[in-house]
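As stored in run23.pdb (PDB, C-alpha atoms):
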```pdb
MODEL        1
ATOM      1  CA  MET A   1     -17.684  29.616  -0.601
ATOM      2  CA  GLY A   2     -16.325  26.566  -2.337
ATOM      3  CA  THR A   3     -16.828  22.847  -2.400
ATOM      4  CA  LEU A   4     -14.042  20.616  -1.134
ATOM      5  CA  SER A   5     -13.965  16.851  -1.531
ATOM      6  CA  ILE A   6     -11.505  14.865   0.542
ATOM      7  CA  GLY A   7     -10.731  11.246  -0.243
ATOM      8  CA  VAL A   8      -9.269   9.420   2.736
ATOM      9  CA  PHE A   9      -7.541   6.071   2.261
ATOM     10  CA  SER A  10      -5.431   5.789   5.404
ATOM     11  CA  SER A  11      -6.421   3.895   8.524
ATOM     12  CA  LEU A  12      -7.804   5.532  11.622
ATOM     13  CA  ILE A  13      -4.869   4.233  13.641
ATOM     14  CA  GLY A  14      -1.415   3.778  12.186
ATOM     15  CA  SER A  15      -0.794   7.278  10.958
ATOM     16  CA  MET A  16      -2.145  10.741  11.670
ATOM     17  CA  SER A  17      -3.418  11.192   8.118
ATOM     18  CA  TYR A  18      -6.988  10.288   9.043
ATOM     19  CA  ASP A  19      -6.903  12.622  12.033
ATOM     20  CA  PHE A  20      -5.586  15.387   9.764
ATOM     21  CA  ALA A  21      -8.356  14.801   7.198
ATOM     22  CA  LEU A  22     -11.092  15.152   9.798
ATOM     23  CA  LYS A  23      -9.535  18.281  11.286
ATOM     24  CA  LEU A  24      -9.210  19.788   7.824
ATOM     25  CA  ALA A  25     -12.841  18.956   7.028
ATOM     26  CA  ASP A  26     -13.877  20.542  10.314
ATOM     27  CA  ALA A  27     -11.896  23.731   9.632
ATOM     28  CA  ALA A  28     -13.267  24.031   6.104
ATOM     29  CA  ALA A  29     -16.840  23.534   7.334
ATOM     30  CA  ASP A  30     -16.284  26.218   9.977
ATOM     31  CA  LYS A  31     -15.295  28.624   7.205
ATOM     32  CA  GLY A  32     -18.546  27.896   5.428
ATOM     33  CA  HIS A  33     -17.284  25.596   2.698
ATOM     34  CA  LYS A  34     -19.246  22.592   1.533
ATOM     35  CA  VAL A  35     -17.186  19.498   2.410
ATOM     36  CA  ASN A  36     -17.510  15.924   1.187
ATOM     37  CA  LEU A  37     -15.525  13.166   2.832
ATOM     38  CA  TRP A  38     -14.970   9.810   1.135
ATOM     39  CA  PHE A  39     -13.584   6.757   2.937
ATOM     40  CA  SER A  40     -12.002   3.952   0.963
ATOM     41  CA  GLY A  41      -9.318   1.355   1.565
ATOM     42  CA  ASN A  42      -8.291   1.190   5.208
ATOM     43  CA  ALA A  43     -10.245   4.352   6.030
ATOM     44  CA  ALA A  44     -13.410   2.360   5.358
ATOM     45  CA  GLY A  45     -12.858   0.555   8.661
ATOM     46  CA  SER A  46     -13.264   3.808  10.559
ATOM     47  CA  PRO A  47     -17.081   4.190  10.619
ATOM     48  CA  LEU A  48     -17.332   1.440  13.227
ATOM     49  CA  LYS A  49     -19.189   2.737  16.257
ATOM     50  CA  GLY A  50     -18.281   2.107  19.865
ATOM     51  CA  GLN A  51     -14.646   3.125  19.479
ATOM     52  CA  LYS A  52     -12.861   3.466  22.776
ATOM     53  CA  HIS A  53     -10.777   6.602  23.060
ATOM     54  CA  LEU A  54      -7.460   5.481  24.439
ATOM     55  CA  LYS A  55      -5.019   8.317  24.811
ATOM     56  CA  ASP A  56      -2.217   6.484  23.004
ATOM     57  CA  TYR A  57      -4.269   6.318  19.809
ATOM     58  CA  SER A  58      -5.964   8.745  17.509
ATOM     59  CA  HIS A  59      -9.711   8.663  17.810
ATOM     60  CA  GLY A  60     -12.271   8.991  15.051
ATOM     61  CA  GLU A  61     -15.816   8.480  16.248
ATOM     62  CA  LYS A  62     -16.387  11.661  18.202
ATOM     63  CA  PRO A  63     -14.861  14.045  15.635
ATOM     64  CA  LEU A  64     -16.632  12.211  12.812
ATOM     65  CA  ARG A  65     -20.009  12.657  14.475
ATOM     66  CA  ALA A  66     -19.171  16.321  15.134
ATOM     67  CA  ILE A  67     -18.324  17.167  11.525
ATOM     68  CA  MET A  68     -21.452  15.416  10.258
ATOM     69  CA  GLU A  69     -23.477  17.624  12.596
ATOM     70  CA  LYS A  70     -21.862  20.598  10.877
ATOM     71  CA  GLY A  71     -23.141  19.353   7.521
ATOM     72  CA  VAL A  72     -20.074  17.541   6.206
ATOM     73  CA  GLU A  73     -21.237  14.707   3.968
ATOM     74  CA  VAL A  74     -19.444  11.487   4.845
ATOM     75  CA  CYS A  75     -19.615   8.362   2.726
ATOM     76  CA  THR A  76     -17.810   5.060   2.972
ATOM     77  CA  CYS A  77     -17.064   2.562   0.248
ATOM     78  CA  GLU A  78     -19.486  -0.234   1.038
ATOM     79  CA  ALA A  79     -17.322  -3.023  -0.358
ATOM     80  CA  CYS A  80     -14.232  -1.744   1.491
ATOM     81  CA  SER A  81     -16.206  -1.494   4.757
ATOM     82  CA  VAL A  82     -17.970  -4.846   4.708
ATOM     83  CA  ALA A  83     -14.664  -6.521   3.813
ATOM     84  CA  ARG A  84     -13.426  -5.133   7.139
ATOM     85  CA  GLY A  85     -16.445  -6.281   9.132
ATOM     86  CA  VAL A  86     -18.105  -2.876   9.270
ATOM     87  CA  ASN A  87     -21.714  -2.936   8.145
ATOM     88  CA  LYS A  88     -24.790  -0.778   8.479
ATOM     89  CA  THR A  89     -25.783  -2.336  11.802
ATOM     90  CA  ASN A  90     -22.525  -1.574  13.580
ATOM     91  CA  ALA A  91     -21.628   1.658  11.809
ATOM     92  CA  ILE A  92     -21.842   5.236  13.014
ATOM     93  CA  GLU A  93     -25.234   6.631  12.102
ATOM     94  CA  GLY A  94     -25.253   9.290   9.421
ATOM     95  CA  VAL A  95     -22.384   7.857   7.417
ATOM     96  CA  GLN A  96     -23.565   7.183   3.871
ATOM     97  CA  TRP A  97     -22.880   3.904   2.080
ATOM     98  CA  ASN A  98     -22.121   3.858  -1.587
ATOM     99  CA  ALA A  99     -19.680   2.780  -4.283
ATOM    100  CA  MET A 100     -16.646   4.525  -5.718
ATOM    101  CA  HIS A 101     -18.716   6.483  -8.190
ATOM    102  CA  TRP A 102     -20.011   8.564  -5.240
ATOM    103  CA  TYR A 103     -16.517   9.995  -4.865
ATOM    104  CA  LEU A 104     -16.210  10.692  -8.575
ATOM    105  CA  ALA A 105     -19.596  12.398  -8.634
ATOM    106  CA  LYS A 106     -18.596  14.624  -5.713
ATOM    107  CA  ILE A 107     -15.309  15.406  -7.440
ATOM    108  CA  TYR A 108     -17.267  16.494 -10.491
ATOM    109  CA  SER A 109     -18.815  19.399  -8.629
ATOM    110  CA  SER A 110     -15.853  20.228  -6.411
ATOM    111  CA  ASP A 111     -13.662  23.281  -6.613
ATOM    112  CA  ARG A 112     -10.821  21.439  -4.926
ATOM    113  CA  VAL A 113     -10.044  17.786  -4.296
ATOM    114  CA  LEU A 114      -7.643  16.566  -1.649
ATOM    115  CA  HIS A 115      -6.779  12.935  -2.038
ATOM    116  CA  ILE A 116      -5.119  11.612   1.101
ATOM    117  CA  GLY A 117      -3.598   8.298   0.206
ATOM    118  CA  GLY A 118      -3.200   5.156   2.190
ATOM    119  CA  GLU A 119      -0.154   3.381   3.505
TER     120      GLU A 119
ATOM    121  CA  MET B 120     -18.362  22.363 -17.356
ATOM    122  CA  ALA B 121     -19.660  19.297 -19.157
ATOM    123  CA  ASP B 122     -16.660  17.038 -18.893
ATOM    124  CA  VAL B 123     -14.270  16.710 -15.979
ATOM    125  CA  LYS B 124     -10.919  15.084 -16.646
ATOM    126  CA  LEU B 125      -9.393  13.043 -13.861
ATOM    127  CA  ALA B 126      -5.835  11.723 -13.893
ATOM    128  CA  PHE B 127      -5.338   8.670 -11.707
ATOM    129  CA  ILE B 128      -1.598   8.498 -11.079
ATOM    130  CA  ILE B 129      -0.534   5.142  -9.718
ATOM    131  CA  HIS B 130       2.913   5.093  -8.143
ATOM    132  CA  THR B 131       2.710   2.184  -5.729
ATOM    133  CA  LEU B 132       3.737  -1.439  -6.099
ATOM    134  CA  PRO B 133       1.133  -4.124  -6.761
ATOM    135  CA  TYR B 134       0.056  -6.258  -3.770
ATOM    136  CA  ARG B 135       2.383  -4.585  -1.241
ATOM    137  CA  SER B 136      -0.589  -2.390  -0.436
ATOM    138  CA  GLU B 137      -4.141  -2.018  -1.675
ATOM    139  CA  ASN B 138      -3.426   1.355  -3.224
ATOM    140  CA  SER B 139      -2.669   0.496  -6.822
ATOM    141  CA  LYS B 140      -5.749  -1.686  -7.097
ATOM    142  CA  LEU B 141      -7.906   1.046  -5.571
ATOM    143  CA  GLY B 142      -6.592   3.425  -8.185
ATOM    144  CA  ALA B 143      -7.781   1.192 -10.998
ATOM    145  CA  THR B 144     -11.152   0.462  -9.406
ATOM    146  CA  HIS B 145     -11.830   4.120  -8.656
ATOM    147  CA  ALA B 146     -10.973   5.015 -12.235
ATOM    148  CA  MET B 147     -13.240   2.269 -13.524
ATOM    149  CA  SER B 148     -16.172   3.596 -11.533
ATOM    150  CA  TYR B 149     -16.516   6.367 -14.124
ATOM    151  CA  GLN B 150     -18.573   3.775 -15.974
ATOM    152  CA  THR B 151     -21.429   4.097 -13.475
ATOM    153  CA  VAL B 152     -21.025   7.656 -12.228
ATOM    154  CA  GLU B 153     -23.657   8.923 -14.665
ATOM    155  CA  ILE B 154     -26.386   7.684 -12.320
ATOM    156  CA  LEU B 155     -25.291  10.417  -9.912
ATOM    157  CA  LEU B 156     -24.719  13.176 -12.481
ATOM    158  CA  GLU B 157     -27.014  15.339 -14.561
ATOM    159  CA  ASP B 158     -27.547  14.820 -18.269
ATOM    160  CA  GLY B 159     -24.536  15.990 -20.238
ATOM    161  CA  GLN B 160     -22.154  15.774 -17.303
ATOM    162  CA  THR B 161     -19.324  13.320 -17.861
ATOM    163  CA  ILE B 162     -16.080  12.236 -16.294
ATOM    164  CA  THR B 163     -13.121  11.151 -18.396
ATOM    165  CA  PRO B 164     -10.449   9.260 -16.503
ATOM    166  CA  ALA B 165      -6.884   8.467 -17.500
ATOM    167  CA  LEU B 166      -4.971   5.799 -15.626
ATOM    168  CA  CYS B 167      -1.204   6.325 -15.527
ATOM    169  CA  TYR B 168       1.427   4.035 -14.027
ATOM    170  CA  VAL B 169       4.725   5.608 -13.019
ATOM    171  CA  GLY B 170       7.733   4.689 -10.876
ATOM    172  CA  ASP B 171       7.491   1.356  -9.046
ATOM    173  CA  ALA B 172       3.885   1.075 -10.196
ATOM    174  CA  VAL B 173       4.908  -0.004 -13.681
ATOM    175  CA  LEU B 174       5.180  -3.480 -12.134
ATOM    176  CA  ASN B 175       1.365  -3.455 -11.943
ATOM    177  CA  CYS B 176       1.299  -3.682 -15.727
ATOM    178  CA  VAL B 177       3.274  -6.901 -16.131
ATOM    179  CA  LYS B 178       1.130  -9.678 -17.572
ATOM    180  CA  ASP B 179       0.547 -13.259 -16.419
ATOM    181  CA  GLN B 180       0.050 -12.326 -12.765
ATOM    182  CA  LYS B 181      -0.945 -15.236 -10.502
ATOM    183  CA  ALA B 182      -2.841 -13.388  -7.769
ATOM    184  CA  MET B 183      -5.846 -15.694  -7.839
ATOM    185  CA  GLU B 184      -3.668 -18.792  -7.494
ATOM    186  CA  LEU B 185      -1.403 -17.318  -4.816
ATOM    187  CA  TYR B 186      -3.619 -14.915  -2.891
ATOM    188  CA  GLY B 187      -7.133 -15.994  -3.880
ATOM    189  CA  MET B 188      -7.911 -12.529  -5.143
ATOM    190  CA  THR B 189      -8.433 -10.754  -8.436
ATOM    191  CA  SER B 190      -5.165  -9.647  -9.965
ATOM    192  CA  THR B 191      -4.185  -6.107 -10.765
ATOM    193  CA  GLU B 192      -3.778  -7.393 -14.303
ATOM    194  CA  THR B 193      -7.493  -8.206 -14.438
ATOM    195  CA  HIS B 194      -8.380  -4.706 -13.279
ATOM    196  CA  ILE B 195      -6.201  -3.156 -15.970
ATOM    197  CA  LYS B 196      -7.770  -5.417 -18.572
ATOM    198  CA  ASN B 197     -11.228  -4.330 -17.461
ATOM    199  CA  CYS B 198     -10.150  -0.699 -17.774
ATOM    200  CA  LEU B 199      -9.043  -1.349 -21.349
ATOM    201  CA  LEU B 200     -12.284  -3.134 -22.078
ATOM    202  CA  VAL B 201     -14.264  -0.011 -21.160
ATOM    203  CA  ASP B 202     -12.044   2.102 -23.425
ATOM    204  CA  MET B 203     -10.157   3.912 -20.719
ATOM    205  CA  ASP B 204      -6.795   5.481 -21.537
ATOM    206  CA  VAL B 205      -4.193   3.459 -19.659
ATOM    207  CA  MET B 206      -0.588   4.614 -19.843
ATOM    208  CA  VAL B 207       2.657   3.279 -18.489
ATOM    209  CA  CYS B 208       5.895   5.229 -18.228
ATOM    210  CA  LYS B 209       8.524   3.963 -20.665
ATOM    211  CA  GLU B 210      11.511   5.288 -18.726
ATOM    212  CA  ASP B 211      10.367   3.529 -15.560
ATOM    213  CA  MET B 212       9.780   0.290 -17.483
ATOM    214  CA  ASP B 213      13.342   0.529 -18.734
ATOM    215  CA  LYS B 214      14.634   0.903 -15.176
ATOM    216  CA  PHE B 215      13.095  -2.457 -14.301
ATOM    217  CA  GLY B 216      14.069  -4.062 -17.602
ATOM    218  CA  ILE B 217      10.440  -4.576 -18.545
ATOM    219  CA  THR B 218      10.054  -5.006 -22.265
ATOM    220  CA  GLU B 219       6.935  -4.045 -24.225
ATOM    221  CA  ASP B 220       5.927  -7.657 -24.836
ATOM    222  CA  ARG B 221       5.524  -8.153 -21.060
ATOM    223  CA  ILE B 222       2.870  -5.460 -20.700
ATOM    224  CA  VAL B 223      -0.756  -6.440 -20.068
ATOM    225  CA  ASP B 224      -3.202  -6.460 -22.941
ATOM    226  CA  ALA B 225      -6.878  -7.349 -23.110
ATOM    227  CA  ASP B 226      -6.870  -8.850 -26.582
ATOM    228  CA  ASP B 227      -8.419 -12.065 -25.231
ATOM    229  CA  MET B 228     -11.374 -10.020 -23.975
ATOM    230  CA  GLY B 229     -11.832  -8.258 -27.289
ATOM    231  CA  ALA B 230     -10.712  -4.835 -26.115
ATOM    232  CA  ASP B 231      -9.895  -2.253 -28.735
ATOM    233  CA  LYS B 232      -7.657  -0.286 -26.412
ATOM    234  CA  LYS B 233      -4.054  -1.115 -25.558
ATOM    235  CA  VAL B 234      -1.911   0.014 -22.671
ATOM    236  CA  GLN B 235      -0.016   2.979 -24.069
ATOM    237  CA  ILE B 236       3.701   2.856 -23.404
ATOM    238  CA  VAL B 237       4.691   6.498 -23.326
ATOM    239  CA  PRO B 238       7.545   8.731 -22.190
ATOM    240  CA  TYR B 239       7.010  10.527 -18.908
ATOM    241  CA  ALA B 240       6.533  13.762 -20.832
ATOM    242  CA  GLU B 241       3.242  12.380 -22.161
ATOM    243  CA  ILE B 242       2.032  11.511 -18.681
ATOM    244  CA  LYS B 243       2.981  14.997 -17.564
ATOM    245  CA  LYS B 244       0.751  16.395 -20.308
ATOM    246  CA  VAL B 245      -2.140  14.266 -19.033
ATOM    247  CA  MET B 246      -1.591  15.632 -15.539
ATOM    248  CA  GLU B 247      -1.438  19.194 -16.798
ATOM    249  CA  SER B 248      -4.690  18.859 -18.716
ATOM    250  CA  ALA B 249      -6.595  17.138 -15.909
ATOM    251  CA  ASN B 250      -9.037  18.994 -13.698
ATOM    252  CA  HIS B 251      -7.998  16.911 -10.713
ATOM    253  CA  LEU B 252      -5.109  14.587  -9.867
ATOM    254  CA  LEU B 253      -5.597  11.492  -7.750
ATOM    255  CA  PHE B 254      -2.454   9.765  -6.508
ATOM    256  CA  PHE B 255      -2.587   6.147  -5.452
TER     257      PHE B 255
ENDMDL
END
```
Using the file provided, produce a representation of the structure as structure tokens.
Amino acid sequence: MGTLSIGVFSSLIGSMSYDFALKLADAAADKGHKVNLWFSGNAAGSPLKGQKHLKDYSHGEKPLRAIMEKGVEVCTCEACSVARGVNKTNAIEGVQWNAMHWYLAKIYSSDRVLHIGGE
Amino acid sequence: MADVKLAFIIHTLPYRSENSKLGATHAMSYQTVEILLEDGQTITPALCYVGDAVLNCVKDQKAMELYGMTSTETHIKNCLLVDMDVMVCKEDMDKFGITEDRIVDADDMGADKKVQIVPYAEIKKVMESANHLLFF
């Protein structure tokens, strides 16, 4: 089994890129791969807890919690998150907080890297 | 594998989105990644500006005065200061009429490195030799 690191830079709502990244991480974890998920840019607003699932919008909280339960490591860029009003007190539990070097370190030991850019 | 080469390919305009700045800051984080790696493990980044993104490399940007934020120019200068390879595509500069004297340098900060103005073929070589490509 391999190690996959996914960098996500798109917002939770506004495109389906974020939704795709989580589904891909979920599928890879189901196949037994080690998956790392990095949020930066607008994706760093997504670890906010208490999201309401309206059917007209993509929804991140529930699938994010589910993939973390499967062992997917999720980390958000602290600076990007706090700039968007997301901090450790209002964030989804289990999401790690770190700086951009976390992503680079995960890339170091990855077999594949998928970098899903922002808007 | 002791060294992992990463090519950060920037293709987006400055300020229109956050992307180009994130590319530079992610590349720069190689400076501190060693705290998360084992001894002997290194990352070598290369920062390449292509297409519309060559506009990121124009000097005398006024982002702090106009937007109250650090300019992309400052980020590029910091990359040069830490001896990163920074390249800009000559053909794409020509499309915008950007001459070499308008490209950012970090001479005032004492950097040894310069932005390398190179044909696209050189950037392609960087991409081919990289372990991973990161598009911003």
Starting from the PyMOL selection byres ((chain A and resi 104) around 9), expand the selection into actual residues of this file and give them as a compact mmCIF listing (two decimals) with C-alpha atoms, keeping the file's coordinate frame.
```
# COMPACT_ATOMS: atom_id res chain seq x y z
CA MET A 100 -16.65 4.53 -5.72
CA HIS A 101 -18.72 6.48 -8.19
CA TRP A 102 -20.01 8.56 -5.24
CA TYR A 103 -16.52 9.99 -4.86
CA ALA A 105 -19.60 12.40 -8.63
CA LYS A 106 -18.60 14.62 -5.71
CA ILE A 107 -15.31 15.41 -7.44
CA TYR A 108 -17.27 16.49 -10.49
CA LEU B 125 -9.39 13.04 -13.86
CA HIS B 145 -11.83 4.12 -8.66
CA ALA B 146 -10.97 5.01 -12.24
CA SER B 148 -16.17 3.60 -11.53
CA TYR B 149 -16.52 6.37 -14.12
CA VAL B 152 -21.02 7.66 -12.23
CA ILE B 162 -16.08 12.24 -16.29
```
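Reported to one decimal place, the separation of CA of Gly118 (chain A) from CA of Thr218 (chain B) is 29.6 Å.
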Fewer than 3 positions away in the same chain doesn't count, so skip those; otherwise give me all residues within 10 Å of Gly50 (chain A), counting all atoms listed in the file, as a ChimeraX atom specification. /A:47,53,61-62,90-92
Give me the result of the ChimeraX specification (/A :<8) & /B on this file, residue by residue, as a PyMOL selection string. chain B and resi 123+136-138+141+144-145+148-149+151-152+155-156+162+251+253-255
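Relative to CA of Leu252 (chain B), CA of Ala172 (chain B) is found at 16.2 Å.
With distances taken over all atoms listed in the file, B:Tyr134 is the one residue among B:Ile222, B:Ile154, B:Val234, B:Tyr134 lying closest to Ala182 (chain B).
The spacing separating CA of Asn175 (chain B) from CA of Gly142 (chain B) amounts to 11.2 Å.
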Every residue with an atom at most 9 Å from (-19.0, 12.9, 13.4) (file coordinates; only C-alpha atoms) is what I'm after, so could you write them as number ranges by chain? A: 22, 60-70, 72, 74, 92-95
Practice item. Let me know the residues the PyMOL selection byres ((chain B and resi 207) around 6) catches in the file above, as a ChimeraX atom specification. Key: /B:167-168,206,208,236
Could you write those residues out with C-alpha atoms, as a PDB file, in the coordinates of the input?
```
ATOM      1  CA  CYS B 167      -1.204   6.325 -15.527  1.00  0.00           C
ATOM      2  CA  TYR B 168       1.427   4.035 -14.027  1.00  0.00           C
ATOM      3  CA  MET B 206      -0.588   4.614 -19.843  1.00  0.00           C
ATOM      4  CA  CYS B 208       5.895   5.229 -18.228  1.00  0.00           C
ATOM      5  CA  ILE B 236       3.701   2.856 -23.404  1.00  0.00           C
TER       6      ILE B 236
END
```
- request: For His194 (chain B), list every protein, DNA or RNA residue within 8 Å, evaluated using only C-alpha atoms, and leave out those in the same chain fewer than 4 positions away; present the list as number ranges by chain.
  value: B: 140, 143-144, 189-190, 198
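Around the coordinate (-6.1, -8.5, -24.7), residues that reach within 12 Å when counting only C-alpha atoms are B:Lys178, B:Asp179, B:Glu192, B:Thr193, B:Ile195, B:Lys196, B:Asn197, B:Cys198, B:Leu199, B:Leu200, B:Ile222, B:Val223, B:Asp224, B:Ala225, B:Asp226, B:Asp227, B:Met228, B:Gly229, B:Ala230, B:Asp231, B:Lys232, B:Lys233, B:Val234.
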Filtering to C-alpha atoms, could you give me those residues as a compact mmCIF listing (two decimals), in the coordinates of the input?
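Final output, out31.txt:
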```txt
# COMPACT_ATOMS: atom_id res chain seq x y z
CA LYS B 178 1.13 -9.68 -17.57
CA ASP B 179 0.55 -13.26 -16.42
CA GLU B 192 -3.78 -7.39 -14.30
CA THR B 193 -7.49 -8.21 -14.44
CA ILE B 195 -6.20 -3.16 -15.97
CA LYS B 196 -7.77 -5.42 -18.57
CA ASN B 197 -11.23 -4.33 -17.46
CA CYS B 198 -10.15 -0.70 -17.77
CA LEU B 199 -9.04 -1.35 -21.35
CA LEU B 200 -12.28 -3.13 -22.08
CA ILE B 222 2.87 -5.46 -20.70
CA VAL B 223 -0.76 -6.44 -20.07
CA ASP B 224 -3.20 -6.46 -22.94
CA ALA B 225 -6.88 -7.35 -23.11
CA ASP B 226 -6.87 -8.85 -26.58
CA ASP B 227 -8.42 -12.06 -25.23
CA MET B 228 -11.37 -10.02 -23.98
CA GLY B 229 -11.83 -8.26 -27.29
CA ALA B 230 -10.71 -4.84 -26.12
CA ASP B 231 -9.90 -2.25 -28.74
CA LYS B 232 -7.66 -0.29 -26.41
CA LYS B 233 -4.05 -1.12 -25.56
CA VAL B 234 -1.91 0.01 -22.67
```
Lys244 (chain B) proximity check over B:Glu184, B:Ala165, B:Leu132, B:Glu210, using only C-alpha atoms: winner is B:Ala165
Please return the centre and edge lengths, in Å to one decimal, of a box with edges along x, y and z that contains all listed atoms of region 239-251 of chain B, widened by 3 Å on every side, as AutoDock Vina command-line options.
```
--center_x -1.0 --center_y 14.9 --center_z -16.4 --size_x 22.0 --size_y 14.7 --size_z 17.4
```
* **Within 8 Å of Ser58 (chain A) using all atoms listed in the file, minus same-chain residues under 6 positions, as a ChimeraX atom specification** => /A:12-13,16,19
